$ cat work.cif   # mmCIF, C-alpha atoms and all ligand atoms
data_target
loop_
_atom_site.label_atom_id
_atom_site.label_comp_id
_atom_site.auth_asym_id
_atom_site.auth_seq_id
_atom_site.Cartn_x
_atom_site.Cartn_y
_atom_site.Cartn_z
CA MET A 1 177.22 149.58 72.93
CA PHE A 2 178.91 151.03 69.82
CA GLY A 3 181.99 148.89 70.52
CA ILE A 4 182.44 150.50 73.93
CA GLU A 5 181.43 148.94 77.23
CA PRO A 6 179.55 151.18 79.67
CA THR A 7 182.24 150.34 82.25
CA GLN A 8 184.76 152.21 80.03
CA ILE A 9 182.73 155.42 80.29
CA GLU A 10 183.64 157.77 83.13
CA ALA A 11 181.34 160.74 82.69
CA VAL A 12 178.49 162.16 80.63
CA LEU A 13 178.92 165.62 79.06
CA LEU A 14 175.75 167.47 78.12
CA THR A 15 175.72 170.14 75.42
CA HIS A 16 172.20 171.48 76.12
CA GLU A 17 168.86 170.41 77.53
CA HIS A 18 166.91 169.43 74.39
CA THR A 19 165.43 166.00 74.82
CA ASP A 20 167.03 164.53 71.70
CA HIS A 21 170.28 164.93 73.70
CA THR A 22 169.16 164.28 77.28
CA ARG A 23 166.53 161.55 76.96
CA GLY A 24 167.95 158.51 78.67
CA VAL A 25 170.81 160.33 80.40
CA ARG A 26 169.29 159.94 83.85
CA ARG A 27 168.69 156.24 83.48
CA PHE A 28 172.06 155.54 81.86
CA SER A 29 173.99 157.61 84.39
CA THR A 30 172.10 156.06 87.29
CA ASP A 31 172.65 152.52 86.02
CA HIS A 32 176.39 153.07 85.59
CA GLY A 33 177.09 155.52 88.43
CA LEU A 34 178.30 158.29 86.12
CA PRO A 35 178.57 161.98 86.95
CA VAL A 36 176.86 164.37 84.54
CA TYR A 37 178.61 167.56 83.42
CA GLY A 38 176.77 170.54 81.98
CA THR A 39 176.47 174.30 82.20
CA ARG A 40 174.31 175.77 84.95
CA GLY A 41 171.53 176.51 82.45
CA THR A 42 171.60 173.02 80.97
CA LEU A 43 171.64 171.21 84.32
CA ALA A 44 168.77 173.34 85.62
CA LEU A 45 166.51 172.20 82.79
CA THR A 46 167.47 168.53 82.63
CA PRO A 47 165.84 165.96 84.93
CA LEU A 48 168.83 164.54 86.80
CA GLU A 49 167.46 163.81 90.29
CA GLY A 50 169.68 161.56 92.35
CA LEU A 51 172.73 161.97 90.13
CA VAL A 52 176.08 163.55 90.80
CA THR A 53 176.24 166.68 88.65
CA ARG A 54 179.15 169.01 87.96
CA THR A 55 178.69 172.53 86.68
CA ILE A 56 180.96 173.62 83.87
CA THR A 57 181.47 177.07 82.36
CA ALA A 58 182.07 177.90 78.71
CA GLY A 59 185.71 178.80 78.22
CA SER A 60 186.96 176.96 81.32
CA ASN A 61 188.84 173.70 80.82
CA ILE A 62 188.13 170.67 82.95
CA GLN A 63 190.36 167.64 83.41
CA LEU A 64 188.78 164.23 83.05
CA ASN A 65 191.08 161.27 83.55
CA GLY A 66 193.88 162.66 81.38
CA LEU A 67 191.59 164.43 78.93
CA THR A 68 191.40 168.19 78.74
CA VAL A 69 187.82 169.11 77.96
CA LYS A 70 186.96 172.64 76.88
CA PRO A 71 183.32 173.67 76.61
CA PHE A 72 182.76 176.63 74.33
CA LYS A 73 179.74 178.80 73.62
CA VAL A 74 177.46 178.23 70.64
CA LYS A 75 174.28 179.96 69.50
CA HIS A 76 171.26 177.67 69.76
CA LEU A 77 167.73 178.06 71.09
CA ALA A 78 168.58 176.61 74.49
CA ALA A 79 169.39 178.02 77.94
CA GLU A 80 173.18 177.84 77.92
CA PRO A 81 174.38 175.59 75.10
CA VAL A 82 178.00 174.60 74.52
CA ALA A 83 180.10 172.54 72.16
CA TYR A 84 183.33 170.80 73.20
CA SER A 85 186.91 170.32 72.24
CA ILE A 86 188.68 167.41 73.88
CA SER A 87 192.46 167.10 73.89
CA VAL A 88 194.82 164.40 75.01
CA GLY A 89 198.54 164.95 74.42
CA PRO A 90 198.85 166.39 70.90
CA MET A 91 195.51 164.93 69.79
CA LYS A 92 192.35 166.99 69.60
CA VAL A 93 188.72 166.21 68.87
CA GLY A 94 186.24 169.01 68.15
CA ILE A 95 182.52 168.40 68.55
CA ALA A 96 180.07 171.03 67.34
CA SER A 97 176.41 170.12 67.00
CA ASP A 98 173.22 172.06 67.60
CA LEU A 99 174.31 175.55 66.69
CA GLY A 100 172.74 178.04 64.35
CA CYS A 101 175.79 179.74 62.94
CA VAL A 102 179.52 179.45 62.55
CA THR A 103 181.01 182.27 64.59
CA PRO A 104 184.73 183.10 64.52
CA SER A 105 185.05 181.69 68.04
CA VAL A 106 183.54 178.35 66.99
CA THR A 107 185.95 178.17 64.06
CA GLN A 108 188.82 179.00 66.39
CA GLU A 109 187.87 176.39 69.01
CA MET A 110 187.51 173.66 66.39
CA ARG A 111 190.72 174.54 64.56
CA GLY A 112 193.51 171.98 64.64
CA SER A 113 191.27 169.03 65.45
CA ASP A 114 192.49 165.62 64.32
CA LEU A 115 188.86 164.55 64.27
CA MET A 116 185.89 166.87 63.92
CA LEU A 117 182.25 166.06 64.55
CA VAL A 118 180.22 168.73 62.80
CA GLU A 119 176.47 169.23 62.59
CA ALA A 120 175.06 169.07 59.06
CA ASN A 121 171.37 169.28 59.85
CA TYR A 122 169.71 170.23 56.60
CA ASP A 123 170.01 170.77 52.90
CA ASP A 124 168.69 174.27 52.45
CA ALA A 125 166.61 173.51 49.34
CA MET A 126 165.03 170.43 50.93
CA LEU A 127 164.07 172.46 54.00
CA VAL A 128 162.73 175.42 52.04
CA ASP A 129 160.74 173.24 49.63
CA GLY A 130 159.64 170.80 52.31
CA ASP A 131 156.49 170.46 54.39
CA TYR A 132 157.62 172.04 57.66
CA PRO A 133 155.54 175.05 58.75
CA GLU A 134 157.10 178.43 57.98
CA PHE A 135 157.83 179.30 61.62
CA LEU A 136 159.79 176.08 62.02
CA LYS A 137 161.73 176.59 58.78
CA ARG A 138 162.64 180.07 60.01
CA ALA A 139 163.70 178.78 63.43
CA ILE A 140 165.89 176.04 61.96
CA ARG A 141 167.55 178.44 59.51
CA SER A 142 168.05 181.18 62.12
CA ASP A 143 171.32 182.01 63.87
CA HIS A 144 170.03 180.08 66.89
CA GLY A 145 168.84 177.06 64.92
CA HIS A 146 170.92 174.42 63.19
CA LEU A 147 173.80 174.24 60.71
CA SER A 148 172.99 173.54 57.06
CA ASN A 149 175.20 171.40 54.87
CA ALA A 150 176.72 174.60 53.48
CA ASP A 151 177.42 175.85 57.02
CA ALA A 152 179.03 172.52 57.87
CA GLY A 153 181.18 172.86 54.77
CA ALA A 154 182.24 176.37 55.75
CA LEU A 155 183.12 175.29 59.30
CA SER A 156 185.02 172.23 58.05
CA LEU A 157 186.96 174.33 55.54
CA LYS A 158 187.83 177.08 58.00
CA SER A 159 188.75 174.79 60.90
CA SER A 160 190.58 171.92 59.24
CA SER A 161 194.34 171.85 59.33
CA GLU A 162 196.92 169.44 57.96
CA ASN A 163 196.39 167.03 60.86
CA THR A 164 192.61 166.87 60.35
CA ASN A 165 192.03 163.31 59.17
CA LEU A 166 188.31 162.92 59.40
CA VAL A 167 185.19 165.07 59.55
CA VAL A 168 182.09 163.21 60.73
CA LEU A 169 178.79 164.91 59.87
CA VAL A 170 176.16 164.42 62.54
CA HIS A 171 172.63 165.42 63.56
CA LEU A 172 171.26 165.02 60.03
CA SER A 173 167.55 165.75 59.69
CA LYS A 174 165.38 162.79 58.70
CA ASP A 175 163.16 165.01 56.57
CA ASN A 176 165.47 167.68 55.21
CA ASN A 177 168.74 165.94 54.41
CA THR A 178 170.43 162.80 53.17
CA PRO A 179 173.91 161.52 54.06
CA GLU A 180 174.86 161.78 50.37
CA LYS A 181 173.85 165.44 50.08
CA ALA A 182 175.63 166.33 53.33
CA ARG A 183 178.83 164.55 52.38
CA GLU A 184 178.87 166.00 48.86
CA ALA A 185 178.30 169.55 50.07
CA VAL A 186 181.08 169.37 52.63
CA GLU A 187 183.49 167.57 50.30
CA THR A 188 182.99 170.26 47.66
CA GLU A 189 183.84 172.91 50.21
CA VAL A 190 186.91 171.29 51.81
CA LYS A 191 188.38 170.52 48.36
CA ARG A 192 189.13 174.23 48.17
CA SER A 193 191.83 173.84 50.81
CA ARG A 194 195.12 171.98 50.85
CA ASN A 195 193.82 169.90 53.73
CA ARG A 196 191.74 167.00 52.53
CA PRO A 197 190.11 165.31 55.49
CA ARG A 198 187.92 162.31 54.81
CA ILE A 199 184.22 163.15 55.15
CA GLU A 200 181.77 160.71 56.66
CA ALA A 201 178.06 161.35 57.26
CA VAL A 202 176.09 159.52 59.94
CA GLU A 203 172.50 158.89 58.85
CA HIS A 204 169.61 160.16 60.98
CA GLY A 205 169.22 157.93 64.01
CA GLY A 206 172.47 156.14 63.20
CA CYS A 207 175.66 155.96 65.18
CA GLY A 208 179.18 156.48 63.92
CA GLY A 209 182.41 155.22 65.44
CA PRO A 210 184.03 154.40 67.63
CA TYR A 211 186.82 156.48 66.11
CA ARG A 212 190.49 155.88 66.90
CA LEU A 213 193.01 158.66 66.97
CA ALA A 214 196.22 157.31 65.50
ZN ZN A 301 169.61 168.18 68.72
ZN ZN A 302 169.05 171.30 70.22
#
$ encode --input "work.cif" --output "structure tokens"
Amino acid sequence: MFGIEPTQIEAVLLTHEHTDHTRGVRRFSTDHGLPVYGTRGTLALTPLEGLVTRTITAGSNIQLNGLTVKPFKVKHLAAEPVAYSISVGPMKVGIASDLGCVTPSVTQEMRGSDLMLVEANYDDAMLVDGDYPEFLKRAIRSDHGHLSNADAGALSLKSSSENTNLVVLVHLSKDNNTPEKAREAVETEVKRSRNRPRIEAVEHGGCGGPYRLA
């Protein structure tokens, strides 16, 4: 699986309860005997019967086999959604997907990451001109929806530092984005800084990585 054996995985971290993130978690975690971590709100709304679950709280670090994992709050239409930063020694990975806006605290939590995974859900013009019903367009573009390519660019620009090597754009919409548009938009934005991380976009339904921290 993605160059990683299930036996190398020690835990599953949930960000929120939406089924595009939790479908298959119960079966996978049952098959491999993995504990599932999530906020109280996320765990309450995810079918996890029979599994070992651990409740986490935004802002409180947990230790997982030498990794320091910090869940932090994001705005998204879910019960208690979080994003994560994961640190080991001097290395840090920031993962922010499924959030409607880039708040100062999100920028702060992601800052200094060697590797960032950033949501780039939609190209604004494609969404606005596309076939989605108006209520859905509004929900996606709202502060509790998803990040646009421009938002992803702003977050990447504000959070990258000289040690940021790679920004991976994730959670691209099948209908309202293309990897090329996402990468171009974010590249244009990060060019404005001295830090020039490489930008990679993972196509809808695709899988990036595994990524090595050197
Ligand atoms: Zn999602
Ligand atoms: Zn979601």
$ atom_distance --input "work.cif" --atom1 "atom CA of A:Ile199" --atom2 "atom CA of A:His146"
19.2 Å
$ residues_near_ligand --input "work.cif" --ligand "ligand ZN 302 (chain A)" --cutoff "10 Å" --atoms "only C-alpha atoms and all ligand atoms" --output "count of residues only"
20
$ atom_distance --input "work.cif" --atom1 "atom CA of A:Leu136" --atom2 "atom CA of A:Pro47"
25.8 Å
$ closest_residue --input "work.cif" --among "A:Arg138, A:Arg212, A:Arg183, A:Arg111" --to "A:Gly94" --atoms "only C-alpha atoms"
A:Arg111
$ closest_residue --input "work.cif" --among "A:Val69, A:Val12, A:Ala58, A:Leu172" --to "ligand ZN 301 (chain A)" --atoms "only C-alpha atoms and all ligand atoms"
A:Leu172
$ closest_atom_pairs --input "work.cif" --of "stretch 66-130 of chain A" --to "stretch 148-152 of chain A" --cutoff "6 Å" --atoms "all atoms listed in the file" --output "JSON lines"
{"residue": "A:Ala120", "atom": "CA", "partner": "A:Asn149", "partner_atom": "CA", "distance": 4.8}
{"residue": "A:Asn121", "atom": "CA", "partner": "A:Ser148", "partner_atom": "CA", "distance": 5.3}
{"residue": "A:Tyr122", "atom": "CA", "partner": "A:Ser148", "partner_atom": "CA", "distance": 4.7}
{"residue": "A:Asp123", "atom": "CA", "partner": "A:Asn149", "partner_atom": "CA", "distance": 5.6}
$ residues_around --input "work.cif" --residues "A:Cys207" --least-positions-apart "5" --cutoff "12 Å" --atoms "only C-alpha atoms" --output "VMD selection string"
chain A and resid 1 to 3 168 to 172 200 to 202
$ write_last_selection --input "work.cif" --atoms "C-alpha atoms" --output "PDB file, keeping the file's coordinate frame"
ATOM      1  CA  MET A   1     177.220 149.580  72.930  1.00  0.00           C
ATOM      2  CA  PHE A   2     178.910 151.030  69.820  1.00  0.00           C
ATOM      3  CA  GLY A   3     181.990 148.890  70.520  1.00  0.00           C
ATOM      4  CA  VAL A 168     182.090 163.210  60.730  1.00  0.00           C
ATOM      5  CA  LEU A 169     178.790 164.910  59.870  1.00  0.00           C
ATOM      6  CA  VAL A 170     176.160 164.420  62.540  1.00  0.00           C
ATOM      7  CA  HIS A 171     172.630 165.420  63.560  1.00  0.00           C
ATOM      8  CA  LEU A 172     171.260 165.020  60.030  1.00  0.00           C
ATOM      9  CA  GLU A 200     181.770 160.710  56.660  1.00  0.00           C
ATOM     10  CA  ALA A 201     178.060 161.350  57.260  1.00  0.00           C
ATOM     11  CA  VAL A 202     176.090 159.520  59.940  1.00  0.00           C
TER      12      VAL A 202
END
$ axis_aligned_box --input "work.cif" --around "stretch 139-150 of chain A" --padding-each-side "8 Å" --output "JSON"
{"center_x": 170.2, "center_y": 176.7, "center_z": 60.2, "size_x": 29.0, "size_y": 26.6, "size_z": 29.4}
$ residues_around --input "work.cif" --residues "A:Ile86" --least-positions-apart "2" --cutoff "9 Å" --atoms "all atoms listed in the file" --output "list in words"
Leu67, Thr68, Val69, Lys70, Pro71, Tyr84, Val88, Met91, Lys92, Val93, Gly94, Ile95 and Ser113 of chain A
$ closest_residue --input "work.cif" --among "A:Asn163, A:Asn176, A:Leu147, A:Met126" --to "ligand ZN 301 (chain A)" --atoms "all atoms listed in the file"
A:Leu147
$ residues_around --input "work.cif" --residues "A:Thr107" --least-positions-apart "5" --cutoff "8 Å" --atoms "all atoms listed in the file" --output "list in words"
Val102, Leu155, Lys158 and Ser159 of chain A
$ write_last_selection --input "work.cif" --atoms "C-alpha atoms" --output "compact mmCIF listing (two decimals), keeping the file's coordinate frame"
# COMPACT_ATOMS: atom_id res chain seq x y z
CA VAL A 102 179.52 179.45 62.55
CA LEU A 155 183.12 175.29 59.30
CA LYS A 158 187.83 177.08 58.00
CA SER A 159 188.75 174.79 60.90
$ atom_distance --input "work.cif" --atom1 "atom CA of A:Glu203" --atom2 "atom CA of A:Asp114"
21.8 Å
$ closest_residue --input "work.cif" --among "A:Leu213, A:Leu43, A:Val106, A:Leu14" --to "ligand ZN 301 (chain A)" --atoms "only C-alpha atoms and all ligand atoms"
A:Leu14
$ closest_residue --input "work.cif" --among "A:Ser173, A:Thr103, A:Thr30, A:Ser193" --to "ligand ZN 301 (chain A)" --atoms "only C-alpha atoms and all ligand atoms"
A:Ser173
$ closest_residue --input "work.cif" --among "A:Ala154, A:Leu117, A:Gly130, A:Glu189" --to "A:Leu166" --atoms "all atoms listed in the file"
A:Leu117
$ build_atoms --input "work.cif" --residues "stretch 169-183 of chain A" --atoms "N, CA and C atoms" --output "PDB file, keeping the file's coordinate frame"
ATOM      1  N   LEU A 169     179.975 164.030  59.890  1.00  0.00           N
ATOM      2  CA  LEU A 169     178.790 164.910  59.870  1.00  0.00           C
ATOM      3  C   LEU A 169     177.678 164.238  60.660  1.00  0.00           C
ATOM      4  N   VAL A 170     177.127 164.995  61.601  1.00  0.00           N
ATOM      5  CA  VAL A 170     176.160 164.420  62.540  1.00  0.00           C
ATOM      6  C   VAL A 170     174.894 165.268  62.610  1.00  0.00           C
ATOM      7  N   HIS A 171     173.894 164.715  63.317  1.00  0.00           N
ATOM      8  CA  HIS A 171     172.630 165.420  63.560  1.00  0.00           C
ATOM      9  C   HIS A 171     171.921 165.759  62.258  1.00  0.00           C
ATOM     10  N   LEU A 172     171.953 164.819  61.305  1.00  0.00           N
ATOM     11  CA  LEU A 172     171.260 165.020  60.030  1.00  0.00           C
ATOM     12  C   LEU A 172     169.749 164.900  60.234  1.00  0.00           C
ATOM     13  N   SER A 173     169.012 165.801  59.631  1.00  0.00           N
ATOM     14  CA  SER A 173     167.550 165.750  59.690  1.00  0.00           C
ATOM     15  C   SER A 173     167.050 164.547  58.891  1.00  0.00           C
ATOM     16  N   LYS A 174     165.998 163.905  59.430  1.00  0.00           N
ATOM     17  CA  LYS A 174     165.380 162.790  58.700  1.00  0.00           C
ATOM     18  C   LYS A 174     164.645 163.302  57.473  1.00  0.00           C
ATOM     19  N   ASP A 175     164.050 164.491  57.613  1.00  0.00           N
ATOM     20  CA  ASP A 175     163.160 165.010  56.570  1.00  0.00           C
ATOM     21  C   ASP A 175     163.855 165.944  55.583  1.00  0.00           C
ATOM     22  N   ASN A 176     164.908 166.590  56.013  1.00  0.00           N
ATOM     23  CA  ASN A 176     165.470 167.680  55.210  1.00  0.00           C
ATOM     24  C   ASN A 176     166.919 167.465  54.780  1.00  0.00           C
ATOM     25  N   ASN A 177     167.356 166.194  54.804  1.00  0.00           N
ATOM     26  CA  ASN A 177     168.740 165.940  54.410  1.00  0.00           C
ATOM     27  C   ASN A 177     168.923 164.473  54.048  1.00  0.00           C
ATOM     28  N   THR A 178     170.008 164.193  53.372  1.00  0.00           N
ATOM     29  CA  THR A 178     170.430 162.800  53.170  1.00  0.00           C
ATOM     30  C   THR A 178     171.939 162.766  53.422  1.00  0.00           C
ATOM     31  N   PRO A 179     172.463 161.613  53.841  1.00  0.00           N
ATOM     32  CA  PRO A 179     173.910 161.520  54.060  1.00  0.00           C
ATOM     33  C   PRO A 179     174.693 161.877  52.789  1.00  0.00           C
ATOM     34  N   GLU A 180     174.156 161.496  51.621  1.00  0.00           N
ATOM     35  CA  GLU A 180     174.860 161.780  50.370  1.00  0.00           C
ATOM     36  C   GLU A 180     174.955 163.283  50.119  1.00  0.00           C
ATOM     37  N   LYS A 181     173.843 163.983  50.299  1.00  0.00           N
ATOM     38  CA  LYS A 181     173.850 165.440  50.080  1.00  0.00           C
ATOM     39  C   LYS A 181     174.803 166.122  51.062  1.00  0.00           C
ATOM     40  N   ALA A 182     174.768 165.701  52.316  1.00  0.00           N
ATOM     41  CA  ALA A 182     175.630 166.330  53.330  1.00  0.00           C
ATOM     42  C   ALA A 182     177.096 166.113  52.980  1.00  0.00           C
ATOM     43  N   ARG A 183     177.425 164.857  52.655  1.00  0.00           N
ATOM     44  CA  ARG A 183     178.830 164.550  52.380  1.00  0.00           C
ATOM     45  C   ARG A 183     179.301 165.309  51.139  1.00  0.00           C
TER      46      ARG A 183
END
